[in-house]
$ cat data_6.pdb   # PDB, C-alpha atoms
ATOM      1  CA  MET A 703      74.586 118.849  97.418
ATOM      2  CA  LEU A 704      74.513 120.320 100.923
ATOM      3  CA  THR A 705      77.176 122.895 101.765
ATOM      4  CA  ILE A 706      77.903 123.884 105.361
ATOM      5  CA  ALA A 707      80.739 126.366 105.873
ATOM      6  CA  ASP A 708      83.283 125.190 103.288
ATOM      7  CA  LYS A 709      82.331 121.521 103.268
ATOM      8  CA  LYS A 710      80.039 119.665 100.882
ATOM      9  CA  PHE A 711      77.873 116.715 101.865
ATOM     10  CA  THR A 712      76.081 114.313  99.552
ATOM     11  CA  SER A 713      73.912 112.890 102.331
ATOM     12  CA  ARG A 714      71.412 115.111 104.108
ATOM     13  CA  LEU A 715      70.998 112.668 106.979
ATOM     14  CA  PHE A 716      73.160 113.209 110.047
ATOM     15  CA  VAL A 717      73.198 110.368 112.556
ATOM     16  CA  GLY A 718      73.898 110.519 116.274
ATOM     17  CA  THR A 719      75.932 107.666 117.703
ATOM     18  CA  GLY A 720      74.384 107.385 121.183
ATOM     19  CA  LYS A 721      72.236 104.580 122.600
ATOM     20  CA  PHE A 722      73.350 101.818 120.205
ATOM     21  CA  SER A 723      73.560  98.376 121.803
ATOM     22  CA  SER A 724      77.080  97.769 120.451
ATOM     23  CA  SER A 725      79.684  99.548 118.369
ATOM     24  CA  ASP A 726      79.305  96.841 115.727
ATOM     25  CA  ILE A 727      75.562  97.521 115.297
ATOM     26  CA  MET A 728      76.325 101.245 115.281
ATOM     27  CA  ARG A 729      78.884 100.931 112.506
ATOM     28  CA  GLN A 730      76.554  98.773 110.396
ATOM     29  CA  ALA A 731      73.672 101.204 110.928
ATOM     30  CA  LEU A 732      75.811 104.199 109.950
ATOM     31  CA  GLU A 733      76.868 102.411 106.783
ATOM     32  CA  ALA A 734      73.271 101.420 105.962
ATOM     33  CA  SER A 735      72.082 105.012 106.415
ATOM     34  CA  GLU A 736      74.713 106.209 103.920
ATOM     35  CA  CYS A 737      75.247 109.246 106.148
ATOM     36  CA  GLU A 738      78.504 111.193 106.143
ATOM     37  CA  MET A 739      78.146 113.354 109.253
ATOM     38  CA  VAL A 740      77.971 111.660 112.669
ATOM     39  CA  THR A 741      77.771 113.300 116.073
ATOM     40  CA  VAL A 742      79.862 112.182 119.032
ATOM     41  CA  ALA A 743      80.025 113.263 122.665
ATOM     42  CA  LEU A 744      82.951 113.751 125.072
ATOM     43  CA  ARG A 745      83.138 112.010 128.417
ATOM     44  CA  ARG A 746      85.637 111.054 131.087
ATOM     45  CA  VAL A 747      87.365 107.755 130.426
ATOM     46  CA  GLU A 748      86.186 105.150 132.913
ATOM     47  CA  LEU A 749      89.543 104.105 134.288
ATOM     48  CA  ASP A 750      88.558 100.640 135.459
ATOM     49  CA  ASP A 751      86.521  99.819 132.366
ATOM     50  CA  PRO A 752      87.613 101.931 129.408
ATOM     51  CA  GLY A 753      85.367  99.967 127.006
ATOM     52  CA  ASP A 754      85.319 100.382 123.233
ATOM     53  CA  ASP A 755      87.072 103.300 121.642
ATOM     54  CA  ILE A 756      84.559 104.848 119.242
ATOM     55  CA  MET A 757      87.365 106.253 117.111
ATOM     56  CA  ARG A 758      88.515 102.703 116.553
ATOM     57  CA  ALA A 759      84.990 101.537 115.628
ATOM     58  CA  ILE A 760      84.099 104.287 113.157
ATOM     59  CA  GLY A 761      87.248 106.396 112.764
ATOM     60  CA  GLY A 762      89.495 106.262 109.761
ATOM     61  CA  GLY A 763      87.974 108.987 107.629
ATOM     62  CA  LYS A 764      84.800 107.277 106.397
ATOM     63  CA  PHE A 765      82.611 109.552 108.509
ATOM     64  CA  PHE A 766      82.855 113.258 109.287
ATOM     65  CA  PHE A 767      82.785 113.712 113.078
ATOM     66  CA  LEU A 768      80.696 116.456 114.601
ATOM     67  CA  PRO A 769      81.536 116.619 118.328
ATOM     68  CA  ASN A 770      78.712 117.908 120.497
ATOM     69  CA  THR A 771      78.682 119.650 123.845
ATOM     70  CA  ALA A 772      75.936 117.411 125.233
ATOM     71  CA  GLY A 773      75.931 117.623 129.000
ATOM     72  CA  ALA A 774      76.886 121.309 129.139
ATOM     73  CA  ARG A 775      74.498 123.298 131.353
ATOM     74  CA  ASP A 776      75.776 126.776 130.551
ATOM     75  CA  ALA A 777      78.006 128.655 128.119
ATOM     76  CA  VAL A 778      81.146 128.213 130.230
ATOM     77  CA  GLU A 779      80.787 124.413 130.276
ATOM     78  CA  ALA A 780      79.967 124.316 126.562
ATOM     79  CA  VAL A 781      83.052 126.345 125.645
ATOM     80  CA  ARG A 782      85.237 124.103 127.809
ATOM     81  CA  LEU A 783      83.830 120.977 126.118
ATOM     82  CA  ALA A 784      84.343 122.578 122.706
ATOM     83  CA  ARG A 785      88.018 123.228 123.380
ATOM     84  CA  LEU A 786      88.484 119.697 124.700
ATOM     85  CA  ALA A 787      86.836 118.300 121.568
ATOM     86  CA  ARG A 788      89.198 120.282 119.388
ATOM     87  CA  ALA A 789      92.196 119.090 121.396
ATOM     88  CA  ALA A 790      90.935 115.508 121.161
ATOM     89  CA  GLY A 791      91.344 115.691 117.415
ATOM     90  CA  GLY A 792      87.717 116.460 116.696
ATOM     91  CA  GLY A 793      88.543 119.377 114.397
ATOM     92  CA  ASN A 794      86.903 122.777 114.743
ATOM     93  CA  TRP A 795      83.331 121.789 113.906
ATOM     94  CA  LEU A 796      80.944 121.739 116.807
ATOM     95  CA  LYS A 797      77.343 120.937 117.549
ATOM     96  CA  LEU A 798      76.658 123.402 120.330
ATOM     97  CA  GLU A 799      74.171 122.106 122.908
ATOM     98  CA  VAL A 800      73.410 123.823 126.194
ATOM     99  CA  THR A 801      70.716 122.001 128.131
ATOM    100  CA  PRO A 802      70.395 123.071 131.773
ATOM    101  CA  ASP A 803      67.416 120.914 132.715
ATOM    102  CA  PRO A 804      67.934 117.127 132.461
ATOM    103  CA  ARG A 805      64.180 116.487 132.579
ATOM    104  CA  THR A 806      63.391 118.348 129.355
ATOM    105  CA  LEU A 807      66.856 118.677 127.781
ATOM    106  CA  LEU A 808      65.528 121.824 126.129
ATOM    107  CA  PRO A 809      68.238 124.204 124.959
ATOM    108  CA  ASP A 810      68.949 127.435 126.851
ATOM    109  CA  PRO A 811      68.701 130.222 124.242
ATOM    110  CA  VAL A 812      70.627 132.864 126.211
ATOM    111  CA  GLU A 813      73.581 130.630 127.083
ATOM    112  CA  THR A 814      73.590 129.120 123.574
ATOM    113  CA  LEU A 815      73.882 132.546 121.936
ATOM    114  CA  LYS A 816      76.589 133.574 124.404
ATOM    115  CA  ALA A 817      78.613 130.404 123.759
ATOM    116  CA  ALA A 818      78.086 130.650 119.984
ATOM    117  CA  GLU A 819      79.498 134.186 119.887
ATOM    118  CA  GLU A 820      82.597 133.130 121.824
ATOM    119  CA  LEU A 821      83.175 129.953 119.808
ATOM    120  CA  VAL A 822      82.758 131.710 116.439
ATOM    121  CA  ARG A 823      85.387 134.249 117.596
ATOM    122  CA  ASP A 824      87.626 131.330 118.564
ATOM    123  CA  GLY A 825      87.460 129.881 115.032
ATOM    124  CA  PHE A 826      84.889 127.125 115.517
ATOM    125  CA  VAL A 827      82.338 126.149 112.871
ATOM    126  CA  VAL A 828      79.288 126.261 115.124
ATOM    127  CA  LEU A 829      76.026 124.383 114.562
ATOM    128  CA  PRO A 830      73.780 125.288 117.502
ATOM    129  CA  TYR A 831      70.938 123.104 118.772
ATOM    130  CA  ILE A 832      68.014 125.418 119.486
ATOM    131  CA  ASN A 833      64.339 125.473 120.151
ATOM    132  CA  ALA A 834      62.350 126.236 117.003
ATOM    133  CA  ASP A 835      62.602 129.975 117.621
ATOM    134  CA  PRO A 836      62.844 132.030 114.411
ATOM    135  CA  VAL A 837      64.140 135.136 116.213
ATOM    136  CA  LEU A 838      66.912 133.215 117.957
ATOM    137  CA  ALA A 839      67.785 131.452 114.692
ATOM    138  CA  LEU A 840      68.330 134.838 113.029
ATOM    139  CA  ARG A 841      70.391 136.093 115.970
ATOM    140  CA  LEU A 842      72.637 133.043 115.726
ATOM    141  CA  GLN A 843      73.037 133.489 111.974
ATOM    142  CA  GLU A 844      74.072 137.090 112.628
ATOM    143  CA  ALA A 845      76.557 135.817 115.213
ATOM    144  CA  GLY A 846      78.190 133.755 112.489
ATOM    145  CA  THR A 847      77.009 130.207 113.079
ATOM    146  CA  ALA A 848      77.403 127.886 110.085
ATOM    147  CA  ALA A 849      73.889 126.426 110.423
ATOM    148  CA  VAL A 850      71.097 126.188 112.960
ATOM    149  CA  MET A 851      69.629 122.987 114.362
ATOM    150  CA  PRO A 852      66.075 123.610 115.587
ATOM    151  CA  LEU A 853      64.211 120.806 117.327
ATOM    152  CA  GLY A 854      61.093 119.084 116.029
ATOM    153  CA  ALA A 855      60.238 117.838 119.526
ATOM    154  CA  PRO A 856      62.234 117.295 122.747
ATOM    155  CA  ILE A 857      65.273 115.006 122.397
ATOM    156  CA  GLY A 858      64.533 111.304 122.394
ATOM    157  CA  THR A 859      60.752 111.659 122.390
ATOM    158  CA  ASN A 860      60.124 110.402 118.830
ATOM    159  CA  ARG A 861      57.154 112.785 118.637
ATOM    160  CA  GLY A 862      57.949 114.234 115.245
ATOM    161  CA  LEU A 863      57.573 117.763 113.930
ATOM    162  CA  LEU A 864      55.549 119.342 116.750
ATOM    163  CA  THR A 865      57.171 122.695 115.957
ATOM    164  CA  ARG A 866      56.256 122.580 112.254
ATOM    165  CA  PRO A 867      54.861 126.140 111.824
ATOM    166  CA  LEU A 868      57.954 127.617 113.459
ATOM    167  CA  LEU A 869      60.304 125.402 111.480
ATOM    168  CA  GLU A 870      58.628 126.681 108.316
ATOM    169  CA  ILE A 871      59.388 130.272 109.310
ATOM    170  CA  ILE A 872      63.002 129.423 110.176
ATOM    171  CA  ILE A 873      63.515 127.656 106.851
ATOM    172  CA  GLU A 874      62.005 130.582 104.959
ATOM    173  CA  GLN A 875      64.049 133.222 106.801
ATOM    174  CA  LEU A 876      67.534 131.761 107.127
ATOM    175  CA  GLU A 877      70.349 131.809 104.629
ATOM    176  CA  VAL A 878      72.518 129.305 106.518
ATOM    177  CA  PRO A 879      71.428 125.644 106.391
ATOM    178  CA  VAL A 880      68.645 124.485 108.707
ATOM    179  CA  VAL A 881      69.085 121.011 110.172
ATOM    180  CA  VAL A 882      66.029 119.682 111.970
ATOM    181  CA  ASP A 883      67.344 117.972 115.065
ATOM    182  CA  ALA A 884      65.693 116.033 117.853
ATOM    183  CA  GLY A 885      62.299 114.418 118.096
ATOM    184  CA  ILE A 886      62.176 112.830 114.638
ATOM    185  CA  GLY A 887      60.812 109.360 115.356
ATOM    186  CA  THR A 888      59.908 107.895 111.971
ATOM    187  CA  PRO A 889      61.215 107.982 108.404
ATOM    188  CA  SER A 890      57.962 109.670 107.303
ATOM    189  CA  GLN A 891      58.646 112.529 109.745
ATOM    190  CA  ALA A 892      62.169 112.861 108.348
ATOM    191  CA  ALA A 893      60.726 112.951 104.842
ATOM    192  CA  ALA A 894      58.192 115.582 105.931
ATOM    193  CA  ALA A 895      60.972 117.794 107.293
ATOM    194  CA  MET A 896      62.840 117.494 104.009
ATOM    195  CA  GLU A 897      59.687 118.218 101.970
ATOM    196  CA  MET A 898      59.304 121.435 103.980
ATOM    197  CA  GLY A 899      62.713 122.495 102.748
ATOM    198  CA  ALA A 900      64.941 121.588 105.681
ATOM    199  CA  ASP A 901      68.524 121.242 104.467
ATOM    200  CA  ALA A 902      69.159 118.125 106.542
ATOM    201  CA  VAL A 903      67.886 116.176 109.542
ATOM    202  CA  LEU A 904      69.685 114.620 112.480
ATOM    203  CA  VAL A 905      68.393 111.310 113.809
ATOM    204  CA  ASN A 906      69.711 109.215 116.677
ATOM    205  CA  THR A 907      67.235 107.624 119.049
ATOM    206  CA  ALA A 908      64.767 106.469 116.386
ATOM    207  CA  ILE A 909      67.523 104.475 114.683
ATOM    208  CA  ALA A 910      69.464 103.310 117.740
ATOM    209  CA  VAL A 911      66.478 101.907 119.650
ATOM    210  CA  ALA A 912      64.647 100.390 116.656
ATOM    211  CA  GLY A 913      64.019  96.635 116.632
ATOM    212  CA  ASP A 914      66.476  96.398 113.748
ATOM    213  CA  PRO A 915      68.663  99.527 113.837
ATOM    214  CA  VAL A 916      70.455  98.651 110.593
ATOM    215  CA  ALA A 917      67.217  98.312 108.592
ATOM    216  CA  MET A 918      65.802 101.444 110.229
ATOM    217  CA  ALA A 919      68.939 103.389 109.323
ATOM    218  CA  SER A 920      68.474 102.385 105.712
ATOM    219  CA  ALA A 921      64.779 103.417 105.846
ATOM    220  CA  PHE A 922      65.747 106.859 107.185
ATOM    221  CA  GLY A 923      68.381 107.227 104.490
ATOM    222  CA  GLN A 924      65.802 106.564 101.772
ATOM    223  CA  ALA A 925      63.171 108.806 103.409
ATOM    224  CA  VAL A 926      65.560 111.754 103.490
ATOM    225  CA  ILE A 927      66.417 111.265  99.820
ATOM    226  CA  ALA A 928      62.709 110.993  98.898
ATOM    227  CA  GLY A 929      61.764 114.075 100.914
ATOM    228  CA  ARG A 930      64.525 116.167  99.417
ATOM    229  CA  ARG A 931      63.676 115.058  95.894
ATOM    230  CA  ALA A 932      60.026 116.011  96.495
ATOM    231  CA  TYR A 933      61.060 119.446  97.753
ATOM    232  CA  GLU A 934      63.269 120.037  94.737
ATOM    233  CA  ALA A 935      60.525 118.787  92.403
ATOM    234  CA  GLY A 936      58.157 121.430  93.774
ATOM    235  CA  LEU A 937      55.082 120.316  95.714
ATOM    236  CA  GLY A 938      51.611 121.051  94.381
ATOM    237  CA  ALA A 939      49.633 123.823  96.043
ATOM    238  CA  ILE A 940      47.212 123.026  98.861
ATOM    239  CA  ALA A 941      43.614 124.043  98.067
ATOM    240  CA  CYS A 942      40.289 124.068  99.918
ATOM    241  CA  ARG A 943      38.139 123.032  96.977
ATOM    242  CA  ALA A 944      38.356 119.893  94.878
ATOM    243  CA  ALA A 945      40.126 120.095  91.554
ATOM    244  CA  ALA A 946      39.409 117.167  89.247
ATOM    245  CA  SER A 947      42.369 115.315  87.919
ATOM    246  CA  SER A 948      40.204 113.657  85.203
ATOM    247  CA  PRO A 949      38.804 115.888  82.430
ATOM    248  CA  GLN A 950      35.295 117.187  83.188
ATOM    249  CA  THR A 951      34.319 117.406  79.509
ATOM    250  CA  GLY A 952      33.220 114.634  77.146
ATOM    251  CA  LEU A 953      30.609 113.312  79.581
ATOM    252  CA  GLU A 954      27.596 114.338  77.460
ATOM    253  CA  PHE A 955      26.777 110.712  76.611
ATOM    254  CA  LEU A 956      26.010 110.038  80.293
ATOM    255  CA  ARG A 957      23.252 112.516  80.721
TER     256      ARG A 957
ATOM    257  CA  MET B 120     103.571 110.456 144.866
ATOM    258  CA  LYS B 121      99.867 110.960 144.478
ATOM    259  CA  ILE B 122      97.887 112.350 141.561
ATOM    260  CA  ILE B 123      94.149 112.708 141.032
ATOM    261  CA  VAL B 124      92.902 111.123 137.812
ATOM    262  CA  ASN B 125      89.267 111.653 136.842
ATOM    263  CA  GLY B 126      88.509 112.383 140.475
ATOM    264  CA  GLU B 127      90.228 109.252 141.838
ATOM    265  CA  GLU B 128      93.485 109.104 143.802
ATOM    266  CA  ARG B 129      96.256 107.232 142.028
ATOM    267  CA  PHE B 130      99.697 106.502 143.432
ATOM    268  CA  LEU B 131     102.808 106.551 141.261
ATOM    269  CA  GLU B 132     106.414 105.727 142.097
ATOM    270  CA  ALA B 133     107.791 108.676 140.173
ATOM    271  CA  GLU B 134     106.925 111.533 137.889
ATOM    272  CA  VAL B 135     105.783 110.257 134.524
ATOM    273  CA  LEU B 136     105.302 111.677 131.036
ATOM    274  CA  VAL B 137     101.693 112.152 129.956
ATOM    275  CA  THR B 138     102.163 109.889 126.957
ATOM    276  CA  ASP B 139     103.585 107.055 129.100
ATOM    277  CA  TYR B 140     100.846 107.385 131.702
ATOM    278  CA  VAL B 141      98.088 107.218 129.071
ATOM    279  CA  LYS B 142      99.688 104.125 127.531
ATOM    280  CA  SER B 143     100.020 102.509 130.967
ATOM    281  CA  LEU B 144      96.221 102.594 131.204
ATOM    282  CA  ASP B 145      95.895 100.765 127.853
ATOM    283  CA  LEU B 146      94.531 103.917 126.248
ATOM    284  CA  ASP B 147      95.455 105.277 122.841
ATOM    285  CA  PRO B 148      97.166 108.695 123.211
ATOM    286  CA  GLU B 149      95.793 109.564 119.759
ATOM    287  CA  THR B 150      92.188 109.395 120.906
ATOM    288  CA  VAL B 151      92.406 110.711 124.468
ATOM    289  CA  VAL B 152      92.539 114.334 125.468
ATOM    290  CA  VAL B 153      94.344 115.222 128.673
ATOM    291  CA  GLU B 154      93.742 118.138 130.994
ATOM    292  CA  VAL B 155      96.265 118.780 133.774
ATOM    293  CA  ASP B 156      95.316 121.242 136.521
ATOM    294  CA  GLY B 157      92.595 122.655 134.282
ATOM    295  CA  ARG B 158      94.885 123.205 131.291
ATOM    296  CA  ILE B 159      94.499 121.230 128.058
ATOM    297  CA  ILE B 160      97.708 119.466 127.069
ATOM    298  CA  THR B 161      98.003 119.473 123.285
ATOM    299  CA  ARG B 162      98.979 116.217 121.687
ATOM    300  CA  GLN B 163     102.432 117.414 120.656
ATOM    301  CA  ASP B 164     103.140 118.206 124.317
ATOM    302  CA  TYR B 165     102.321 114.681 125.595
ATOM    303  CA  GLN B 166     105.980 113.728 125.154
ATOM    304  CA  SER B 167     107.288 116.678 127.110
ATOM    305  CA  THR B 168     104.756 117.141 129.911
ATOM    306  CA  LEU B 169     105.441 115.472 133.242
ATOM    307  CA  LEU B 170     102.733 114.576 135.730
ATOM    308  CA  LEU B 171     103.990 115.981 139.023
ATOM    309  CA  ASP B 172     103.011 115.139 142.588
ATOM    310  CA  GLY B 173      99.495 116.426 143.309
ATOM    311  CA  ALA B 174      98.555 116.909 139.640
ATOM    312  CA  GLU B 175      94.850 116.873 138.883
ATOM    313  CA  VAL B 176      94.356 115.013 135.636
ATOM    314  CA  GLU B 177      91.287 114.575 133.459
ATOM    315  CA  LEU B 178      91.320 111.919 130.752
ATOM    316  CA  ILE B 179      88.519 112.480 128.269
ATOM    317  CA  ARG B 180      87.570 110.957 124.964
ATOM    318  CA  PHE B 181      84.798 110.664 122.401
ATOM    319  CA  ILE B 182      81.917 108.323 123.013
ATOM    320  CA  GLY B 183      78.711 107.614 121.146
ATOM    321  CA  GLY B 184      76.320 110.500 121.467
ATOM    322  CA  GLY B 185      73.581 112.165 119.522
ATOM    323  CA  SER B 186      72.400 114.358 122.225
ATOM    324  CA  ARG B 187      72.628 113.531 125.881
ATOM    325  CA  CYS B 188      73.089 109.813 126.368
TER     326      CYS B 188
END

$ encode --input "data_6.pdb" --output "structure tokens"
Amino acid sequence: MLTIADKKFTSRLFVGTGKFSSSDIMRQALEASECEMVTVALRRVELDDPGDDIMRAIGGGKFFFLPNTAGARDAVEAVRLARLARAAGGGNWLKLEVTPDPRTLLPDPVETLKAAEELVRDGFVVLPYINADPVLALRLQEAGTAAVMPLGAPIGTNRGLLTRPLLEIIIEQLEVPVVVDAGIGTPSQAAAAMEMGADAVLVNTAIAVAGDPVAMASAFGQAVIAGRRAYEAGLGAIACRAAASSPQTGLEFLR
Amino acid sequence: MKIIVNGEERFLEAEVLVTDYVKSLDLDPETVVVEVDGRIITRQDYQSTLLLDGAEVELIRFIGGGSRC
């Protein structure tokens, strides 16, 4: 069971709701993934074409909504989005994202820490999206964030756990949950993150843009369960020399 | 009178309550957050807040998003 702040989650897969071709496919994929936590963004209503209301598609209590501050370029914008999300009925949980450069969408560590401190003071349960920086992760934990969400690779790149050695340090050092976010492109990469001891992973693009998003969501759900089970089972040690798994005695009759 | 809604000019015959204006756009007041002149209007104040001439209004709501979409 995963506990973040005061809330327990059975599923260790968080799913982002962007980029799906329709709200119907999105809802089916979320159900197939068996996730509980889903991220949503805030945007202006398009007055001439309001489109589907996501709260109507997947509201109703089945999923736990984690509003994000995607689009914020500095701490001031992130805090404003956070307060709007709370007023919109999104509760006081928040995935804090501050990404000044649209080409890389890499998180700004200084502005993220600044916003996190202010939002924690304001009563938010803050889950910050960060680069895989162990020092920053500790600073955010000290600031009172409920988890940290380091990236495996830049958002939407599907390149997997490029930051693996740093993620390992973060996982070893932190007491709050570590959610590997961004860059996970395949179920095997999600499983690898869980085997390393990540508390959860967040996946969006890899599911939403798959040939069959519903089947892919189910594959990710199973991979996360398998990876977690392997971690809890205790992985065998890595060695340089061979170690026979068949007995090396009783071979006298051969020679 | 004229108000600015999400950056666009809109003309109204008279002052209107936030809740009625949101409904007039076929939007659900339960899922839209309203900012007037930079101030967030809490949901319980939708019934008592009037949009006055010149008001700058932002109508915002949740959409699908993992990270930036």

$ resolve_selection --input "data_6.pdb" --expression "the PyMOL selection byres ((chain B) within 8 of (chain A))" --output "PDB file with C-alpha atoms, keeping the file's coordinate frame"
ATOM      1  CA  ASN B 125      89.267 111.653 136.842  1.00  0.00           C
ATOM      2  CA  LEU B 144      96.221 102.594 131.204  1.00  0.00           C
ATOM      3  CA  LEU B 146      94.531 103.917 126.248  1.00  0.00           C
ATOM      4  CA  GLU B 149      95.793 109.564 119.759  1.00  0.00           C
ATOM      5  CA  THR B 150      92.188 109.395 120.906  1.00  0.00           C
ATOM      6  CA  VAL B 151      92.406 110.711 124.468  1.00  0.00           C
ATOM      7  CA  VAL B 152      92.539 114.334 125.468  1.00  0.00           C
ATOM      8  CA  ILE B 159      94.499 121.230 128.058  1.00  0.00           C
ATOM      9  CA  ILE B 160      97.708 119.466 127.069  1.00  0.00           C
ATOM     10  CA  THR B 161      98.003 119.473 123.285  1.00  0.00           C
ATOM     11  CA  ARG B 162      98.979 116.217 121.687  1.00  0.00           C
ATOM     12  CA  GLU B 177      91.287 114.575 133.459  1.00  0.00           C
ATOM     13  CA  LEU B 178      91.320 111.919 130.752  1.00  0.00           C
ATOM     14  CA  ILE B 179      88.519 112.480 128.269  1.00  0.00           C
ATOM     15  CA  ARG B 180      87.570 110.957 124.964  1.00  0.00           C
ATOM     16  CA  PHE B 181      84.798 110.664 122.401  1.00  0.00           C
ATOM     17  CA  ILE B 182      81.917 108.323 123.013  1.00  0.00           C
ATOM     18  CA  GLY B 183      78.711 107.614 121.146  1.00  0.00           C
ATOM     19  CA  GLY B 184      76.320 110.500 121.467  1.00  0.00           C
ATOM     20  CA  GLY B 185      73.581 112.165 119.522  1.00  0.00           C
ATOM     21  CA  SER B 186      72.400 114.358 122.225  1.00  0.00           C
ATOM     22  CA  ARG B 187      72.628 113.531 125.881  1.00  0.00           C
ATOM     23  CA  CYS B 188      73.089 109.813 126.368  1.00  0.00           C
TER      24      CYS B 188
END

$ resolve_selection --input "data_6.pdb" --expression "the PyMOL selection byres ((chain B and resi 139) around 12)" --output "list of chain:residue names"
B:Ala133, B:Glu134, B:Val135, B:Leu136, B:Val137, B:Thr138, B:Tyr140, B:Val141, B:Lys142, B:Ser143, B:Leu144, B:Asp145, B:Leu146, B:Asp147, B:Pro148, B:Tyr165, B:Gln166, B:Ser167, B:Thr168, B:Leu169, B:Leu170

$ write_last_selection --input "data_6.pdb" --atoms "C-alpha atoms" --output "short mmCIF file (atom, residue, chain, number, x, y, z; two decimals), in the frame of the given file"
data_model
loop_
_atom_site.label_atom_id
_atom_site.label_comp_id
_atom_site.auth_asym_id
_atom_site.auth_seq_id
_atom_site.Cartn_x
_atom_site.Cartn_y
_atom_site.Cartn_z
CA ALA B 133 107.79 108.68 140.17
CA GLU B 134 106.92 111.53 137.89
CA VAL B 135 105.78 110.26 134.52
CA LEU B 136 105.30 111.68 131.04
CA VAL B 137 101.69 112.15 129.96
CA THR B 138 102.16 109.89 126.96
CA TYR B 140 100.85 107.38 131.70
CA VAL B 141 98.09 107.22 129.07
CA LYS B 142 99.69 104.12 127.53
CA SER B 143 100.02 102.51 130.97
CA LEU B 144 96.22 102.59 131.20
CA ASP B 145 95.90 100.76 127.85
CA LEU B 146 94.53 103.92 126.25
CA ASP B 147 95.46 105.28 122.84
CA PRO B 148 97.17 108.70 123.21
CA TYR B 165 102.32 114.68 125.60
CA GLN B 166 105.98 113.73 125.15
CA SER B 167 107.29 116.68 127.11
CA THR B 168 104.76 117.14 129.91
CA LEU B 169 105.44 115.47 133.24
CA LEU B 170 102.73 114.58 135.73
#

$ resolve_selection --input "data_6.pdb" --expression "the PyMOL selection byres ((chain A and resi 888) around 10)" --output "MDAnalysis selection string"
chainID A and resid 860:862 885:887 889:894 905 908:909 918 921:922 925

$ atom_distance --input "data_6.pdb" --atom1 "atom CA of Arg931 of chain A" --atom2 "atom CA of Met896 of chain A"
8.5 Å

$ atom_distance --input "data_6.pdb" --atom1 "atom CA of Met739 of chain A" --atom2 "atom CA of Thr705 of chain A"
12.2 Å

$ atom_distance --input "data_6.pdb" --atom1 "atom CA of Val176 of chain B" --atom2 "atom CA of Lys121 of chain B"
11.2 Å

$ residues_around --input "data_6.pdb" --residues "Gln730 of chain A" --least-positions-apart "5" --cutoff "9 Å" --atoms "all atoms listed in the file" --output "CSV table (one decimal) with C-alpha atoms, in the coordinates of the input"
chain,number,residue,atom,x,y,z
A,725,SER,CA,79.7,99.5,118.4
A,735,SER,CA,72.1,105.0,106.4
A,915,PRO,CA,68.7,99.5,113.8
A,916,VAL,CA,70.5,98.7,110.6
A,919,ALA,CA,68.9,103.4,109.3

$ closest_residue --input "data_6.pdb" --among "A:Ser947, A:Gly793, A:Glu738, A:Arg866" --to "Gly825 of chain A" --atoms "all atoms listed in the file"
A:Gly793

$ closest_residue --input "data_6.pdb" --among "A:Val903, A:Leu815, A:Ala895, A:Leu864" --to "Glu844 of chain A" --atoms "only C-alpha atoms"
A:Leu815

$ residues_around --input "data_6.pdb" --residues "Ala818 of chain A" --least-positions-apart "6" --cutoff "10 Å" --atoms "all atoms listed in the file" --output "PyMOL selection string"
chain A and resi 777+780-781+796+798-799+812+824+826-830+842-843+845-847

$ write_last_selection --input "data_6.pdb" --atoms "C-alpha atoms" --output "PDB file, in the frame of the given file"
ATOM      1  CA  ALA A 777      78.006 128.655 128.119  1.00  0.00           C
ATOM      2  CA  ALA A 780      79.967 124.316 126.562  1.00  0.00           C
ATOM      3  CA  VAL A 781      83.052 126.345 125.645  1.00  0.00           C
ATOM      4  CA  LEU A 796      80.944 121.739 116.807  1.00  0.00           C
ATOM      5  CA  LEU A 798      76.658 123.402 120.330  1.00  0.00           C
ATOM      6  CA  GLU A 799      74.171 122.106 122.908  1.00  0.00           C
ATOM      7  CA  VAL A 812      70.627 132.864 126.211  1.00  0.00           C
ATOM      8  CA  ASP A 824      87.626 131.330 118.564  1.00  0.00           C
ATOM      9  CA  PHE A 826      84.889 127.125 115.517  1.00  0.00           C
ATOM     10  CA  VAL A 827      82.338 126.149 112.871  1.00  0.00           C
ATOM     11  CA  VAL A 828      79.288 126.261 115.124  1.00  0.00           C
ATOM     12  CA  LEU A 829      76.026 124.383 114.562  1.00  0.00           C
ATOM     13  CA  PRO A 830      73.780 125.288 117.502  1.00  0.00           C
ATOM     14  CA  LEU A 842      72.637 133.043 115.726  1.00  0.00           C
ATOM     15  CA  GLN A 843      73.037 133.489 111.974  1.00  0.00           C
ATOM     16  CA  ALA A 845      76.557 135.817 115.213  1.00  0.00           C
ATOM     17  CA  GLY A 846      78.190 133.755 112.489  1.00  0.00           C
ATOM     18  CA  THR A 847      77.009 130.207 113.079  1.00  0.00           C
TER      19      THR A 847
END

$ axis_aligned_box --input "data_6.pdb" --around "segment 796-803 of chain A" --padding-each-side "5 Å" --output "JSON"
{"center_x": 74.2, "center_y": 122.4, "center_z": 124.8, "size_x": 23.5, "size_y": 12.9, "size_z": 25.9}

$ residues_around --input "data_6.pdb" --residues "Pro802 of chain A" --least-positions-apart "5" --cutoff "7 Å" --atoms "all atoms listed in the file" --output "mmCIF file with C-alpha atoms, in the frame of the given file"
data_model
loop_
_atom_site.group_PDB
_atom_site.id
_atom_site.type_symbol
_atom_site.label_atom_id
_atom_site.label_comp_id
_atom_site.auth_asym_id
_atom_site.auth_seq_id
_atom_site.Cartn_x
_atom_site.Cartn_y
_atom_site.Cartn_z
ATOM 1 C CA ARG A 775 74.498 123.298 131.353
ATOM 2 C CA ASP A 776 75.776 126.776 130.551
ATOM 3 C CA LEU A 807 66.856 118.677 127.781
ATOM 4 C CA ASP A 810 68.949 127.435 126.851
#

$ residues_around --input "data_6.pdb" --residues "Glu128 of chain B" --least-positions-apart "4" --cutoff "10 Å" --atoms "all atoms listed in the file" --output "short mmCIF file (atom, residue, chain, number, x, y, z; two decimals) with C-alpha atoms, in the frame of the given file"
data_model
loop_
_atom_site.label_atom_id
_atom_site.label_comp_id
_atom_site.auth_asym_id
_atom_site.auth_seq_id
_atom_site.Cartn_x
_atom_site.Cartn_y
_atom_site.Cartn_z
CA LYS B 121 99.87 110.96 144.48
CA ILE B 122 97.89 112.35 141.56
CA ILE B 123 94.15 112.71 141.03
CA VAL B 124 92.90 111.12 137.81
CA GLY B 173 99.50 116.43 143.31
CA GLU B 175 94.85 116.87 138.88
#
